[in-house]
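Note sheet for the following structure.
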Amino acid sequence: MIDPLINEKAALAVSLLLKNKKKVACAESCTGGLLSAAITEISGSSSVFDFGAVTYANTMKQRLLGVSAETLAVYGAVSEQTARAMAKGILSYSGADYALAITGIAGPQSDGTDKPVGLVYICLASAAGQTVVRRLDNQFAENIRENNRKAAVLAALELLIAQF
């Protein structure tokens, strides 16, 4: 069951995509497909959503999305640079009008780097060449993993909605 607020935002995003005859693709890491699930929960989404990829492992970020080994080595999987590369990679692979990418540390454990739990990067890339990155620094007291994932999906949907 998708969270009611996420469902509301996903419905609005799908409606706007349908109205404008645009498509979106998603590349997800820490959200594990929650963004794609939220979009495809909405009736009519098959007209605007063709492709989503969950690339949890860095090797899959490289192989499927074209994130360079250098980007991952220098900036890490949780970085603005990786989010940009993920979005551009899925945009190119899918042929969609928009791509959303999410990478972060959902928690409750750290990823072993000095980056804090709750740090998330979201990137929206468009076929028109626009790229927007949003950084989230979530700090939730309870249900940290669930809340971080939901906050990332909401922010991604809001970033997409803002394009219309």
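The chains in the structure tokens are called A, B, ... from first to last as shown; in each chain the residues are counted from 1, and the ligands are counted from 1 in the order shown.
Around range 32-35 of chain A, within 9 Å and counting only C-alpha atoms, the residues found are Ile2, Ile6, Ala10, Cys26, Ala27, Glu28, Ile39, Thr40, Gly52, Ala53, Val54, Thr55, Tyr56, Leu100, Ile102, Arg149, Lys150, Ala152, Val153, Leu154, Ala156 and Leu157 of chain A, once anything fewer than 4 positions away on its own chain is removed.
For range 14-57 of chain A, the set of residues given alpha helix (DSSP H) by DSSP on the backbone reads Val14, Ser15, Leu16, Leu17, Leu18, Lys19, Asn20, Leu34, Leu35, Ser36, Ala37, Ala38, Ile39 and Thr40 of chain A.
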Write out the residues from the selection above, keeping N, CA, C and O atoms, as an mmCIF file, in the first residue's frame.
data_model
loop_
_atom_site.group_PDB
_atom_site.id
_atom_site.type_symbol
_atom_site.label_atom_id
_atom_site.label_comp_id
_atom_site.auth_asym_id
_atom_site.auth_seq_id
_atom_site.Cartn_x
_atom_site.Cartn_y
_atom_site.Cartn_z
ATOM 1 N N VAL A 14 1.293 11.828 -12.767
ATOM 2 C CA VAL A 14 0.798 11.054 -13.907
ATOM 3 C C VAL A 14 -0.186 11.887 -14.722
ATOM 4 O O VAL A 14 -0.128 11.905 -15.953
ATOM 5 N N SER A 15 -1.066 12.608 -14.055
ATOM 6 C CA SER A 15 -2.030 13.466 -14.737
ATOM 7 C C SER A 15 -1.329 14.512 -15.604
ATOM 8 O O SER A 15 -1.704 14.743 -16.756
ATOM 9 N N LEU A 16 -0.305 15.149 -15.053
ATOM 10 C CA LEU A 16 0.444 16.171 -15.797
ATOM 11 C C LEU A 16 1.205 15.565 -16.966
ATOM 12 O O LEU A 16 1.260 16.157 -18.054
ATOM 13 N N LEU A 17 1.786 14.395 -16.752
ATOM 14 C CA LEU A 17 2.489 13.712 -17.839
ATOM 15 C C LEU A 17 1.520 13.353 -18.965
ATOM 16 O O LEU A 17 1.819 13.551 -20.144
ATOM 17 N N LEU A 18 0.357 12.819 -18.586
ATOM 18 C CA LEU A 18 -0.656 12.463 -19.583
ATOM 19 C C LEU A 18 -1.111 13.687 -20.370
ATOM 20 O O LEU A 18 -1.170 13.660 -21.601
ATOM 21 N N LYS A 19 -1.425 14.749 -19.650
ATOM 22 C CA LYS A 19 -1.920 15.982 -20.271
ATOM 23 C C LYS A 19 -0.907 16.550 -21.269
ATOM 24 O O LYS A 19 -1.281 17.073 -22.315
ATOM 25 N N ASN A 20 0.374 16.436 -20.923
ATOM 26 C CA ASN A 20 1.429 17.010 -21.758
ATOM 27 C C ASN A 20 2.090 15.999 -22.694
ATOM 28 O O ASN A 20 3.066 16.332 -23.358
ATOM 29 N N LEU A 34 10.415 2.111 -4.886
ATOM 30 C CA LEU A 34 9.231 2.751 -4.316
ATOM 31 C C LEU A 34 8.692 3.865 -5.213
ATOM 32 O O LEU A 34 7.480 4.016 -5.355
ATOM 33 N N LEU A 35 9.569 4.612 -5.853
ATOM 34 C CA LEU A 35 9.126 5.672 -6.763
ATOM 35 C C LEU A 35 8.405 5.075 -7.973
ATOM 36 O O LEU A 35 7.319 5.518 -8.337
ATOM 37 N N SER A 36 9.006 4.074 -8.575
ATOM 38 C CA SER A 36 8.371 3.408 -9.720
ATOM 39 C C SER A 36 7.040 2.790 -9.313
ATOM 40 O O SER A 36 6.056 2.868 -10.060
ATOM 41 N N ALA A 37 6.987 2.188 -8.144
ATOM 42 C CA ALA A 37 5.740 1.585 -7.653
ATOM 43 C C ALA A 37 4.668 2.648 -7.448
ATOM 44 O O ALA A 37 3.498 2.431 -7.777
ATOM 45 N N ALA A 38 5.054 3.800 -6.922
ATOM 46 C CA ALA A 38 4.084 4.876 -6.685
ATOM 47 C C ALA A 38 3.491 5.357 -8.004
ATOM 48 O O ALA A 38 2.273 5.582 -8.104
ATOM 49 N N ILE A 39 4.330 5.500 -9.007
ATOM 50 C CA ILE A 39 3.842 5.971 -10.305
ATOM 51 C C ILE A 39 2.942 4.922 -10.944
ATOM 52 O O ILE A 39 1.854 5.227 -11.434
ATOM 53 N N THR A 40 3.376 3.676 -10.922
ATOM 54 C CA THR A 40 2.608 2.627 -11.599
ATOM 55 C C THR A 40 1.380 2.188 -10.815
ATOM 56 O O THR A 40 0.545 1.461 -11.343
#
Write out as a PyMOL selection string which residues come within 12 Å of Asn58 in chain A when counting only C-alpha atoms, dropping same-chain ones fewer than 5 positions away.
chain A and resi 28-30+63-73+76-78+82+86+103
Residues from the last selection, C-alpha atoms, saved as a PDB file, in the first residue's frame:
ATOM      1  CA  GLU A  28      16.502   4.179  -7.939  1.00  0.00           C
ATOM      2  CA  SER A  29      18.938   3.021  -5.329  1.00  0.00           C
ATOM      3  CA  CYS A  30      17.946   3.615  -1.683  1.00  0.00           C
ATOM      4  CA  ARG A  63      26.640  -1.406 -16.171  1.00  0.00           C
ATOM      5  CA  LEU A  64      23.017  -0.310 -16.617  1.00  0.00           C
ATOM      6  CA  LEU A  65      23.182   3.448 -16.182  1.00  0.00           C
ATOM      7  CA  GLY A  66      26.676   4.305 -17.349  1.00  0.00           C
ATOM      8  CA  VAL A  67      27.850   5.836 -14.071  1.00  0.00           C
ATOM      9  CA  SER A  68      31.623   5.936 -14.379  1.00  0.00           C
ATOM     10  CA  ALA A  69      33.910   4.074 -12.018  1.00  0.00           C
ATOM     11  CA  GLU A  70      35.746   7.366 -11.530  1.00  0.00           C
ATOM     12  CA  THR A  71      32.568   9.167 -10.381  1.00  0.00           C
ATOM     13  CA  LEU A  72      31.858   6.405  -7.872  1.00  0.00           C
ATOM     14  CA  ALA A  73      35.472   6.328  -6.646  1.00  0.00           C
ATOM     15  CA  GLY A  76      30.763   7.897  -3.927  1.00  0.00           C
ATOM     16  CA  ALA A  77      27.405   6.337  -4.715  1.00  0.00           C
ATOM     17  CA  VAL A  78      25.656   8.934  -2.564  1.00  0.00           C
ATOM     18  CA  THR A  82      26.216  10.007  -9.130  1.00  0.00           C
ATOM     19  CA  MET A  86      22.086   7.937 -12.974  1.00  0.00           C
ATOM     20  CA  THR A 103      20.548   7.705  -4.400  1.00  0.00           C
TER      21      THR A 103
END
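By chain and then residue number, the residues within 9 Å of Lys22 in chain A are Leu16, Leu17, Ser47, Val48, Ala96, Asp97 and Tyr98 of chain A, counting only C-alpha atoms and disregarding those fewer than 5 positions away in sequence.
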Go ahead and save the picked residues with C-alpha atoms, as a PDB file, in the first residue's frame.
ATOM      1  CA  LEU A  16       0.444  16.171 -15.797  1.00  0.00           C
ATOM      2  CA  LEU A  17       2.489  13.712 -17.839  1.00  0.00           C
ATOM      3  CA  SER A  47       0.961   5.657 -21.035  1.00  0.00           C
ATOM      4  CA  VAL A  48       3.651   7.697 -19.282  1.00  0.00           C
ATOM      5  CA  ALA A  96      11.797   9.192 -21.962  1.00  0.00           C
ATOM      6  CA  ASP A  97      11.173  12.925 -21.750  1.00  0.00           C
ATOM      7  CA  TYR A  98      12.115  13.016 -18.055  1.00  0.00           C
TER       8      TYR A  98
END
Residue list (strand (DSSP E or B), DSSP) for range 79-153 of chain A, as a PyMOL selection string
chain A and resi 98-104+119-126+131-137
Coordinates-based distance that separates CA of Gln139 in chain A from CA of Leu12 in chain A (Å, one decimal):
26.8 Å
Report as a ChimeraX atom specification all protein, DNA and RNA residues lying within 10 Å of Pro116 in chain A, evaluated on only C-alpha atoms, omitting residues in the same chain fewer than 6 positions from it.
/A:104-107,109-110,137-139
Output file for the selection above: N, CA and C atoms, as a JSON list (two decimals), in the first residue's frame:
[["chain", "number", "residue", "atom", "x", "y", "z"],
["A", 104, "GLY", "N", 20.93, 7.45, -2.02],
["A", 104, "GLY", "CA", 21.08, 7.97, -0.67],
["A", 104, "GLY", "C", 21.33, 6.87, 0.35],
["A", 105, "ILE", "N", 21.29, 7.28, 1.60],
["A", 105, "ILE", "CA", 21.50, 6.36, 2.72],
["A", 105, "ILE", "C", 20.21, 6.35, 3.54],
["A", 106, "ALA", "N", 19.41, 5.31, 3.33],
["A", 106, "ALA", "CA", 18.11, 5.21, 3.99],
["A", 106, "ALA", "C", 18.23, 4.90, 5.48],
["A", 107, "GLY", "N", 19.26, 4.15, 5.85],
["A", 107, "GLY", "CA", 19.45, 3.82, 7.26],
["A", 107, "GLY", "C", 18.79, 2.51, 7.64],
["A", 109, "GLN", "N", 21.50, 2.01, 9.40],
["A", 109, "GLN", "CA", 22.96, 2.01, 9.46],
["A", 109, "GLN", "C", 23.54, 2.90, 8.37],
["A", 110, "SER", "N", 24.75, 3.36, 8.63],
["A", 110, "SER", "CA", 25.49, 4.15, 7.66],
["A", 110, "SER", "C", 25.99, 3.23, 6.54],
["A", 137, "ASP", "N", 18.57, 16.25, 3.56],
["A", 137, "ASP", "CA", 19.26, 15.86, 4.79],
["A", 137, "ASP", "C", 18.21, 15.50, 5.81],
["A", 138, "ASN", "N", 17.65, 14.31, 5.67],
["A", 138, "ASN", "CA", 16.56, 13.87, 6.53],
["A", 138, "ASN", "C", 17.08, 13.43, 7.89],
["A", 139, "GLN", "N", 16.38, 13.80, 8.91],
["A", 139, "GLN", "CA", 16.71, 13.37, 10.26],
["A", 139, "GLN", "C", 15.41, 13.01, 10.97]]
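Shortest separation to Gln81 in chain A among A:Phe51, A:Phe164, A:Tyr121, A:Tyr93 occurs at residue A:Tyr121, atoms counted being only C-alpha atoms.
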So the first atom is CA of Leu119 in chain A and the second is CA of Thr131 in chain A; what is the distance between them in Å, to one decimal place?
19.5 Å
